[in-house]
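Source file query07.txt; content: compact mmCIF, C-alpha atoms and all ligand atoms.
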```txt
# COMPACT_ATOMS: atom_id res chain seq x y z
CA MET A 199 0.21 25.40 35.78
CA THR A 200 3.92 24.54 35.33
CA GLU A 201 6.46 26.58 37.33
CA THR A 202 9.27 26.16 34.82
CA ALA A 203 9.53 27.27 31.19
CA LEU A 204 11.31 25.67 28.24
CA THR A 205 12.84 27.66 25.39
CA VAL A 206 14.55 26.38 22.24
CA HIS A 207 17.86 28.01 21.24
CA GLN A 208 19.90 27.53 18.09
CA THR A 209 23.43 26.59 19.14
CA ALA A 210 25.35 26.34 15.82
CA ARG A 211 25.00 27.27 12.13
CA PRO A 212 24.24 24.33 9.83
CA HIS A 213 25.99 23.59 6.56
CA GLY A 214 23.34 21.83 4.51
CA PHE A 215 20.62 19.91 6.35
CA PRO A 216 20.27 20.88 10.05
CA THR A 217 20.11 18.26 12.83
CA ALA A 218 18.79 18.18 16.39
CA GLY A 219 22.39 18.96 17.45
CA HIS A 220 21.96 22.53 16.14
CA PHE A 221 19.36 23.19 18.87
CA ALA A 222 19.09 23.04 22.67
CA PHE A 223 16.12 23.06 25.04
CA VAL A 224 16.87 25.54 27.84
CA GLU A 225 14.95 25.34 31.11
CA SER A 226 14.29 28.43 33.24
CA ALA A 227 11.87 29.70 35.87
CA ARG A 228 8.50 30.66 34.43
CA PRO A 229 8.75 34.35 33.42
CA GLU A 230 6.79 36.95 35.40
CA PRO A 231 4.72 39.59 33.60
CA THR A 232 5.75 43.19 34.31
CA PRO A 233 3.27 46.11 34.33
CA GLY A 234 1.88 46.62 30.81
CA THR A 235 2.43 42.98 29.79
CA ALA A 236 0.78 39.58 30.07
CA LEU A 237 2.12 36.07 30.56
CA VAL A 238 1.02 33.70 27.80
CA GLU A 239 1.17 29.93 27.94
CA ASN A 240 1.73 28.80 24.36
CA LEU A 241 -0.59 26.12 22.99
CA TYR A 242 0.20 25.74 19.26
CA TRP A 243 3.45 26.45 17.41
CA SER A 244 4.15 26.86 13.71
CA VAL A 245 7.43 25.51 12.31
CA ASP A 246 8.23 26.95 8.90
CA PRO A 247 10.70 26.74 6.00
CA TYR A 248 11.71 30.38 6.61
CA HIS A 249 13.13 29.27 9.99
CA ARG A 250 15.67 27.25 8.00
CA GLU A 251 16.67 30.42 6.15
CA MET A 252 16.95 32.27 9.48
CA MET A 253 19.26 29.57 10.85
CA ASP A 254 21.93 30.80 8.43
CA GLY A 255 22.24 34.18 10.19
CA ASP A 256 19.03 35.91 11.30
CA PHE A 257 18.49 33.68 14.36
CA ALA A 258 20.95 34.76 17.07
CA LEU A 259 22.76 31.79 18.63
CA HIS A 260 22.00 30.86 22.26
CA ALA A 261 18.92 33.11 22.32
CA PRO A 262 15.15 32.52 22.08
CA LEU A 263 13.91 32.06 18.49
CA GLU A 264 11.07 33.82 16.68
CA GLY A 265 8.06 31.89 15.41
CA ARG A 266 4.30 32.14 15.01
CA THR A 267 2.35 30.75 17.94
CA LEU A 268 -1.06 30.74 19.64
CA GLY A 269 -1.33 30.87 23.40
CA ARG A 270 -3.60 31.57 26.36
CA VAL A 271 -3.17 34.58 28.63
CA ILE A 272 -2.65 33.11 32.10
CA GLU A 273 -1.65 36.25 34.01
CA SER A 274 -2.31 39.84 32.98
CA ARG A 275 -0.75 43.06 34.22
CA ASP A 276 -2.41 45.12 31.50
CA PRO A 277 -6.19 45.75 31.54
CA ALA A 278 -6.15 45.38 27.74
CA PHE A 279 -5.61 41.62 28.24
CA THR A 280 -8.22 39.28 29.70
CA GLU A 281 -7.01 36.18 31.47
CA GLY A 282 -8.04 33.13 29.45
CA GLU A 283 -7.99 35.04 26.18
CA ILE A 284 -6.33 33.34 23.17
CA VAL A 285 -3.75 35.44 21.36
CA PHE A 286 -1.47 35.13 18.33
CA HIS A 287 2.12 36.37 18.69
CA ARG A 288 5.60 35.70 17.38
CA GLN A 289 7.48 34.50 20.48
CA GLY A 290 7.33 30.87 19.40
CA TRP A 291 9.75 28.00 20.18
CA ARG A 292 9.07 28.41 23.94
CA THR A 293 6.41 27.27 26.38
CA HIS A 294 5.77 30.73 27.91
CA ALA A 295 6.08 34.30 26.65
CA VAL A 296 5.68 37.76 28.16
CA VAL A 297 4.00 40.00 25.59
CA THR A 298 2.68 43.54 25.24
CA ARG A 299 -0.66 44.30 23.61
CA ASP A 300 1.17 45.50 20.49
CA GLU A 301 2.95 42.17 20.19
CA ALA A 302 -0.09 39.92 20.68
CA ARG A 303 -3.37 40.16 18.82
CA PRO A 304 -6.59 38.46 19.88
CA VAL A 305 -7.61 35.57 17.68
CA PRO A 306 -11.21 35.61 16.41
CA ARG A 307 -13.11 32.45 17.35
CA PHE A 308 -15.30 30.95 14.65
CA ASP A 309 -17.79 28.34 15.93
CA GLY A 310 -16.88 24.87 14.73
CA VAL A 311 -13.43 25.90 13.46
CA PRO A 312 -10.47 24.46 15.42
CA LEU A 313 -7.98 26.95 16.86
CA SER A 314 -5.11 25.38 14.89
CA ALA A 315 -6.67 26.76 11.67
CA HIS A 316 -5.19 30.13 12.68
CA LEU A 317 -1.76 28.65 11.94
CA SER A 318 -2.88 26.86 8.74
CA ILE A 319 -5.53 27.99 6.27
CA LEU A 320 -6.65 31.06 8.28
CA GLY A 321 -3.10 32.08 9.24
CA GLY A 322 -0.04 33.24 7.33
CA THR A 323 0.01 29.99 5.35
CA GLY A 324 -3.53 30.41 3.99
CA LEU A 325 -2.99 34.14 3.52
CA THR A 326 0.09 33.43 1.40
CA ALA A 327 -1.96 31.12 -0.82
CA TYR A 328 -4.86 33.60 -1.00
CA VAL A 329 -2.66 36.62 -1.84
CA GLY A 330 -0.74 34.55 -4.40
CA LEU A 331 -3.93 33.58 -6.22
CA THR A 332 -5.91 36.82 -5.96
CA ARG A 333 -3.29 39.62 -5.95
CA ILE A 334 -0.31 38.14 -7.82
CA ALA A 335 -1.76 35.55 -10.24
CA GLU A 336 -5.07 37.42 -10.54
CA LEU A 337 -6.62 34.01 -11.09
CA ARG A 338 -9.79 33.87 -13.16
CA ALA A 339 -12.34 31.05 -13.31
CA GLY A 340 -11.40 28.27 -15.69
CA GLN A 341 -7.65 28.95 -15.67
CA ASP A 342 -5.31 25.99 -15.29
CA LEU A 343 -2.73 25.90 -12.48
CA PHE A 344 0.40 24.03 -11.52
CA VAL A 345 1.45 24.13 -7.84
CA SER A 346 4.76 22.77 -6.49
CA ALA A 347 5.15 21.41 -2.93
CA ALA A 348 1.40 20.91 -3.35
CA ALA A 349 1.07 18.68 -0.27
CA GLY A 350 2.55 21.25 2.15
CA GLY A 351 0.81 24.03 4.04
CA VAL A 352 0.82 26.64 1.29
CA GLY A 353 0.31 23.98 -1.43
CA THR A 354 -2.81 22.43 0.13
CA ALA A 355 -4.28 25.87 0.91
CA THR A 356 -3.60 26.94 -2.69
CA GLY A 357 -5.43 23.87 -3.99
CA ARG A 358 -8.42 24.37 -1.69
CA LEU A 359 -8.74 28.08 -2.46
CA ALA A 360 -8.19 27.70 -6.21
CA ARG A 361 -11.04 25.15 -6.31
CA LEU A 362 -13.35 27.59 -4.49
CA MET A 363 -12.34 30.29 -7.00
CA GLY A 364 -13.38 28.10 -9.93
CA ALA A 365 -9.94 27.22 -11.27
CA GLY A 366 -9.75 24.88 -14.25
CA ARG A 367 -7.33 21.96 -14.23
CA LEU A 368 -5.29 21.76 -11.03
CA VAL A 369 -1.95 19.96 -11.28
CA GLY A 370 0.50 19.52 -8.40
CA SER A 371 3.83 17.97 -7.52
CA ALA A 372 4.72 16.30 -4.23
CA GLY A 373 7.34 14.02 -2.72
CA THR A 374 5.45 10.72 -2.43
CA ALA A 375 2.66 8.75 -4.13
CA ALA A 376 0.70 8.79 -0.85
CA LYS A 377 0.76 12.60 -0.84
CA ALA A 378 -0.34 12.63 -4.48
CA ALA A 379 -3.30 10.40 -3.61
CA TYR A 380 -4.27 12.63 -0.66
CA LEU A 381 -4.26 15.69 -2.90
CA THR A 382 -6.45 14.19 -5.60
CA GLU A 383 -8.81 12.41 -3.21
CA ARG A 384 -9.16 15.06 -0.50
CA VAL A 385 -7.94 18.48 -1.59
CA GLY A 386 -9.34 18.77 -5.11
CA TYR A 387 -6.27 18.45 -7.34
CA ASP A 388 -6.92 16.77 -10.71
CA GLU A 389 -3.48 15.24 -11.14
CA VAL A 390 -0.37 15.13 -8.96
CA PHE A 391 3.01 13.62 -9.79
CA ASP A 392 5.84 12.50 -7.52
CA TYR A 393 8.72 14.74 -8.58
CA HIS A 394 11.24 11.98 -7.77
CA ALA A 395 9.84 9.87 -10.65
CA GLY A 396 11.85 11.58 -13.43
CA PRO A 397 12.78 14.95 -14.93
CA THR A 398 10.21 17.49 -13.73
CA ALA A 399 9.69 18.92 -17.24
CA ASP A 400 8.66 15.47 -18.55
CA LEU A 401 6.37 14.77 -15.60
CA LEU A 402 4.70 18.18 -15.89
CA SER A 403 4.17 18.04 -19.65
CA LYS A 404 2.56 14.61 -19.19
CA ALA A 405 0.32 15.86 -16.35
CA ALA A 406 -0.62 19.09 -18.18
CA PRO A 407 -0.31 18.24 -21.90
CA ASP A 408 -2.25 21.35 -22.96
CA GLY A 409 -0.19 23.71 -20.78
CA ILE A 410 -0.96 25.91 -17.78
CA ASP A 411 -1.98 29.54 -17.18
CA VAL A 412 -0.52 29.98 -13.70
CA TYR A 413 2.39 28.45 -11.81
CA VAL A 414 2.46 28.79 -8.01
CA ASP A 415 6.14 28.26 -7.21
CA ASN A 416 7.11 27.06 -3.74
CA VAL A 417 10.25 25.27 -4.92
CA GLY A 418 12.25 27.09 -7.63
CA GLY A 419 15.03 25.37 -9.62
CA GLU A 420 14.04 22.52 -11.90
CA HIS A 421 10.35 22.97 -11.05
CA LEU A 422 10.46 26.60 -12.16
CA GLU A 423 12.22 25.73 -15.39
CA ALA A 424 9.62 23.03 -16.14
CA ALA A 425 6.76 25.45 -15.45
CA ILE A 426 8.22 28.14 -17.72
CA SER A 427 8.20 25.57 -20.53
CA SER A 428 4.59 24.55 -19.83
CA LEU A 429 3.12 28.03 -19.42
CA ARG A 430 0.88 29.40 -22.16
CA GLU A 431 1.25 32.87 -23.64
CA PHE A 432 0.57 35.62 -21.04
CA GLY A 433 0.96 33.08 -18.22
CA ARG A 434 1.89 34.11 -14.66
CA ILE A 435 4.45 32.73 -12.23
CA VAL A 436 3.82 33.44 -8.55
CA ARG A 437 7.16 33.16 -6.73
CA ILE A 438 6.42 32.14 -3.14
CA GLY A 439 9.53 30.27 -2.01
CA THR A 440 12.59 28.24 -2.99
CA LEU A 441 12.36 24.95 -1.07
CA ALA A 442 14.79 23.21 -3.45
CA GLN A 443 17.55 25.52 -2.24
CA TYR A 444 17.15 25.97 1.53
CA ASN A 445 19.29 22.95 2.48
CA ALA A 446 21.37 22.72 -0.70
CA THR A 447 25.13 23.22 -0.50
CA GLY A 448 26.00 23.34 -4.24
CA ALA A 449 25.47 26.15 -6.76
CA PRO A 450 21.81 27.10 -7.33
CA TYR A 451 20.08 25.48 -10.33
CA THR A 452 20.60 27.51 -13.53
CA LEU A 453 17.41 28.11 -15.52
CA ARG A 454 17.99 27.35 -19.21
CA ASN A 455 14.76 28.69 -20.69
CA LEU A 456 14.61 32.31 -19.54
CA PRO A 457 14.10 33.50 -23.16
CA ASP A 458 10.64 31.84 -22.98
CA ILE A 459 9.59 34.54 -20.50
CA VAL A 460 9.99 37.08 -23.31
CA GLU A 461 8.75 34.88 -26.14
CA LYS A 462 5.54 33.95 -24.31
CA SER A 463 5.03 37.33 -22.58
CA LEU A 464 5.09 35.69 -19.14
CA ARG A 465 4.93 37.65 -15.89
CA MET A 466 6.90 36.48 -12.82
CA GLU A 467 6.30 38.19 -9.48
CA GLY A 468 7.34 37.39 -5.93
CA PHE A 469 5.86 38.71 -2.71
CA LEU A 470 6.11 38.52 1.08
CA VAL A 471 2.88 37.83 2.92
CA SER A 472 3.96 40.30 5.64
CA ASN A 473 3.25 43.09 3.12
CA HIS A 474 -0.36 41.93 2.67
CA ARG A 475 -1.74 41.78 6.24
CA ALA A 476 -4.63 44.03 5.19
CA VAL A 477 -6.08 41.10 3.22
CA GLN A 478 -6.58 39.01 6.41
CA GLU A 479 -10.26 39.93 6.97
CA GLU A 480 -11.05 39.20 3.32
CA LEU A 481 -9.53 35.72 3.74
CA TYR A 482 -11.73 35.07 6.80
CA GLU A 483 -14.84 36.18 4.88
CA PHE A 484 -13.93 34.02 1.91
CA VAL A 485 -13.01 30.78 3.63
CA VAL A 486 -14.67 30.58 7.08
CA PRO A 487 -18.17 29.79 5.70
CA HIS A 488 -16.65 26.85 3.77
CA LEU A 489 -14.79 25.59 6.85
CA ARG A 490 -18.03 25.72 8.81
CA SER A 491 -20.05 23.95 6.12
CA GLY A 492 -17.39 21.25 5.82
CA ARG A 493 -16.77 21.95 2.14
CA VAL A 494 -13.18 22.80 3.04
CA GLY A 495 -11.31 20.51 5.45
CA LEU A 496 -8.16 21.30 7.40
CA ASP A 497 -4.87 19.99 6.02
CA GLU A 498 -2.62 19.76 9.07
CA THR A 499 -0.03 17.42 10.55
CA VAL A 500 -0.18 17.99 14.29
CA VAL A 501 2.74 16.81 16.41
CA GLU A 502 1.90 16.37 20.09
CA GLY A 503 4.21 17.87 22.72
CA PHE A 504 6.49 20.93 22.84
CA GLU A 505 9.49 18.66 23.44
CA ARG A 506 9.04 17.43 19.84
CA ILE A 507 9.18 20.88 18.20
CA VAL A 508 12.70 20.43 16.81
CA ASP A 509 11.77 16.98 15.42
CA ALA A 510 8.65 18.52 13.85
CA PHE A 511 10.72 21.28 12.23
CA LEU A 512 13.31 18.85 10.83
CA GLY A 513 10.53 16.48 9.74
CA MET A 514 8.82 19.30 7.84
CA LEU A 515 12.06 20.03 5.97
CA ARG A 516 12.28 16.31 5.08
CA GLY A 517 8.67 16.23 3.87
CA GLU A 518 7.07 14.31 6.76
CA ASN A 519 4.07 16.66 6.83
CA VAL A 520 0.84 16.60 4.85
CA GLY A 521 -0.60 20.09 5.03
CA LYS A 522 0.69 22.57 7.60
CA MET A 523 3.12 21.23 10.23
CA ILE A 524 1.90 22.32 13.68
CA VAL A 525 3.03 21.42 17.21
CA ARG A 526 0.41 21.23 19.98
CA ALA A 527 1.02 21.48 23.72
CA ARG A 528 0.36 18.08 25.27
CA GLY A 529 -2.81 18.01 27.34
CA ARG A 530 -3.32 21.79 27.29
CA ALA A 531 -4.65 22.82 23.86
N1 LIG A 601 6.43 34.52 0.36
C1 LIG A 601 5.94 34.39 1.58
O1 LIG A 601 5.55 35.34 2.24
C2 LIG A 601 5.83 33.00 2.16
C3 LIG A 601 5.01 32.73 3.27
C4 LIG A 601 4.91 31.41 3.73
C5 LIG A 601 5.61 30.39 3.08
N2 LIG A 601 6.42 30.71 2.03
C6 LIG A 601 7.14 29.66 1.28
O2 LIG A 601 6.17 28.74 0.82
C7 LIG A 601 6.79 27.48 0.64
C8 LIG A 601 5.96 26.41 1.35
O3 LIG A 601 6.00 26.68 2.74
P1 LIG A 601 5.11 25.83 3.77
O4 LIG A 601 5.16 26.52 5.07
O5 LIG A 601 3.80 25.54 3.17
O6 LIG A 601 5.98 24.50 3.92
P2 LIG A 601 5.49 23.04 3.53
O7 LIG A 601 5.30 23.02 2.05
O8 LIG A 601 4.35 22.64 4.41
O9 LIG A 601 6.71 22.13 3.99
C9 LIG A 601 7.86 21.99 3.26
C10 LIG A 601 7.68 20.89 2.17
O10 LIG A 601 8.69 21.08 1.22
C11 LIG A 601 8.85 19.92 0.48
N3 LIG A 601 10.24 19.85 0.07
C12 LIG A 601 11.34 19.74 0.85
N4 LIG A 601 12.45 19.75 0.10
C13 LIG A 601 12.05 19.89 -1.19
C14 LIG A 601 12.72 19.95 -2.45
N5 LIG A 601 14.06 19.90 -2.53
N6 LIG A 601 11.98 20.08 -3.57
C15 LIG A 601 10.62 20.13 -3.50
N7 LIG A 601 9.93 20.07 -2.35
C16 LIG A 601 10.64 19.95 -1.22
C17 LIG A 601 8.44 18.77 1.41
O11 LIG A 601 7.39 18.04 0.80
P3 LIG A 601 7.63 16.91 -0.33
O12 LIG A 601 7.40 15.60 0.35
O13 LIG A 601 6.58 17.22 -1.34
O14 LIG A 601 9.02 17.05 -0.84
C18 LIG A 601 7.92 19.47 2.66
O15 LIG A 601 6.74 18.92 3.16
C19 LIG A 601 8.21 27.63 1.16
O16 LIG A 601 9.06 27.90 0.06
C20 LIG A 601 8.13 28.83 2.05
O17 LIG A 601 9.39 29.48 2.20
C21 LIG A 601 6.55 31.98 1.57
```
Take the structure I supplied and represent it as structure tokens, if you would.
Amino acid sequence: MTETALTVHQTARPHGFPTAGHFAFVESARPEPTPGTALVENLYWSVDPYHREMMDGDFALHAPLEGRTLGRVIESRDPAFTEGEIVFHRQGWRTHAVVTRDEARPVPRFDGVPLSAHLSILGGTGLTAYVGLTRIAELRAGQDLFVSAAAGGVGTATGRLARLMGAGRLVGSAGTAAKAAYLTERVGYDEVFDYHAGPTADLLSKAAPDGIDVYVDNVGGEHLEAAISSLREFGRIVRIGTLAQYNATGAPYTLRNLPDIVEKSLRMEGFLVSNHRAVQEELYEFVVPHLRSGRVGLDETVVEGFERIVDAFLGMLRGENVGKMIVRARGRA
């Protein structure tokens, strides 16, 4: 057991793309649990696009950051915690955390399913995809989908879940040809284009010449405009995120085809997964049997070593991940 702890702080606000210089690793003595708390050694960390949004103001400078993480209770001063127990909590970006029972929930263990799945398809990432398809899109069997940032955490989970739900044609966009091949060969997409290859509207209308019923939007901007043009009457747009904008410094992209939303009776709805926690058990019931049978594989890029968490975060923003970007404690997880 290490006697020191490492914590990542943000040290400056970025303008545009962040760099490693906006962060610092701060070493301290390992924290001690006080009565009513437990000391957790973190094992897996999630790095997420919303952290980039928080860097603009919500993350305090020179203070520990918030992030989803899984860890093992190594010292308990609350009988509600068992030493050795694995918990999920939000004191990420650090090697050790002192948590109360309210802040840390036990993670269910499913035989044959790796722990990391609780940060990918079984965690907030998979829940976002599941809520988007079932509650917002109200997807029905046979309906055709387009998903942007299809090779990321939410995009791969959306593809896997949509296939299980009996979706029709599944079209995606991603940043490289290698990602496109992964999605068609492994995840179940029918066709995926590299969005750098030309105007998105042209690429989408070629990939989905007969149109789409649902657009799962992780990107916004030009992707959203292209999808509005390709949607059929009564189509739905699920607004999940705006990746095209998080690091942009210019004016946001102006959509030119908003009248189509009226003309085609489209419905556009956004949501935050934090308002849908009650759906978590339903997600487990739906997907765990398929993880166990091997019908659904895990889409994860796992970076080894807490000291690489900033690199993993910046790499995720640059598109270096296939599936969910996760950091694993070296030699401990
Ligand atoms: N509403 C909610 O409650 C909720 C919850 C979770 C996540 N989200 C949102 O869901 C989206 C996906 O999140 P995630 O965690 O799964 O991240 P992710 O997709 O695994 O990682 C980010 C990906 O974005 C792509 N990207 C970067 N810049 C881009 C650009 N300018 N245009 C298009 N793609 C770009 C990169 O892949 P390429 O190589 O393909 O460019 C990169 O791999 C984000 O918008 C996030 O904010 C929302």
Closest of A:Gly340, A:Gly529, A:Pro304, A:Gly409 to Glu281 (chain A) - atom-to-atom distances counting all atoms listed in the file: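 Among A:Gly340, A:Gly529, A:Pro304, A:Gly409, it is A:Pro304 that comes nearest to Glu281 (chain A).
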Residues within 7 Å of ligand LIG 601 (chain A), counting all atoms listed in the file, as number ranges by chain: A: 246-248, 322-323, 326, 347-353, 371-374, 416-417, 438-443, 468-472, 514-523
Neighbour residues at most 12 Å from (-5.1, 22.6, -16.5) (all atoms listed in the file) as a PyMOL selection string: chain A and resi 339-345+360+364-370+387-390+402-413+428-430
Atomic separation - CA of Thr235 (chain A) relative to CA of Leu313 (chain A), Å: 23.1 Å
Atomic distance CA of Tyr451 (chain A) - CA of Ala399 (chain A), expressed in Å with one decimal: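 Result for CA of Tyr451 (chain A) versus CA of Ala399 (chain A): 14.1 Å, one decimal.
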9 Å contact set for Ala295 (chain A), all atoms listed in the file, chain neighbours under 4 positions out, as a PyMOL selection string: chain A and resi 228-229+231+236-240+269+289-290
Selected residues written out, C-alpha atoms, as an mmCIF file, in the coordinates of the input:
```cif
data_model
loop_
_atom_site.group_PDB
_atom_site.id
_atom_site.type_symbol
_atom_site.label_atom_id
_atom_site.label_comp_id
_atom_site.auth_asym_id
_atom_site.auth_seq_id
_atom_site.Cartn_x
_atom_site.Cartn_y
_atom_site.Cartn_z
ATOM 1 C CA ARG A 228 8.500 30.660 34.430
ATOM 2 C CA PRO A 229 8.750 34.350 33.420
ATOM 3 C CA PRO A 231 4.720 39.590 33.600
ATOM 4 C CA ALA A 236 0.780 39.580 30.070
ATOM 5 C CA LEU A 237 2.120 36.070 30.560
ATOM 6 C CA VAL A 238 1.020 33.700 27.800
ATOM 7 C CA GLU A 239 1.170 29.930 27.940
ATOM 8 C CA ASN A 240 1.730 28.800 24.360
ATOM 9 C CA GLY A 269 -1.330 30.870 23.400
ATOM 10 C CA GLN A 289 7.480 34.500 20.480
ATOM 11 C CA GLY A 290 7.330 30.870 19.400
#
```
Proximity to Leu337 (chain A) - best of A:Leu362, A:Met252, A:Ala375, A:Ala449, only C-alpha atoms: A:Leu362
Å distance separating CA of Pro312 (chain A) from CA of Gly386 (chain A), one decimal place: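 Computed distance, CA of Pro312 (chain A) to CA of Gly386 (chain A), equals 21.3 Å.
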8 Å contact set for Ala218 (chain A), all atoms listed in the file, chain neighbours under 6 positions out, as JSON, numbers by chain: {"A": [508, 509, 512]}
Could the residues in this selection be saved with C-alpha atoms as a PDB file, in the frame of the given file?
```pdb
ATOM      1  CA  VAL A 508      12.700  20.430  16.810  1.00  0.00           C
ATOM      2  CA  ASP A 509      11.770  16.980  15.420  1.00  0.00           C
ATOM      3  CA  LEU A 512      13.310  18.850  10.830  1.00  0.00           C
TER       4      LEU A 512
END
```
Test item: which residues lie within 9 Å of (-8.9, 36.4, 13.2) counting only C-alpha atoms, as a ChimeraX atom specification: /A:303-308,316,320-321,478-479,482
Residue with smallest distance to Pro277 (chain A) - pool A:Gly513, A:Gly310, A:Pro216, A:Gly234, counting only C-alpha atoms: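 That would be A:Gly234, the residue with the smallest distance to Pro277 (chain A).
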Pick from A:Thr267, A:Ser427, A:Thr356, A:Ser346 nearest to Lys462 (chain A), counting all atoms listed in the file: A:Ser427
Closest of A:Val285, A:Ala446, A:Phe504, A:His294 to Thr202 (chain A) - atom-to-atom distances counting only C-alpha atoms: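 Once distances to Thr202 (chain A) are computed over only C-alpha atoms, the minimum belongs to A:His294.
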Distance query His220 (chain A) at most 9 Å, only C-alpha atoms, self and fewer than 5 positions along chain excluded, as a list in words: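 In the requested form, the answer reads His207, Gln208, Thr209, Ala210, Arg211 and Pro212 of chain A.
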Which of A:Leu331, A:Arg292, A:Ile272, A:Arg506 sits closest to Leu204 (chain A) [using only C-alpha atoms]: A:Arg292
Distance query Ala335 (chain A) at most 8 Å, all atoms listed in the file, self and fewer than 5 positions along chain excluded, as a list in words: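 In the requested format, the answer is Gly330, Val412, Arg434, Ile435 and Val436 of chain A.
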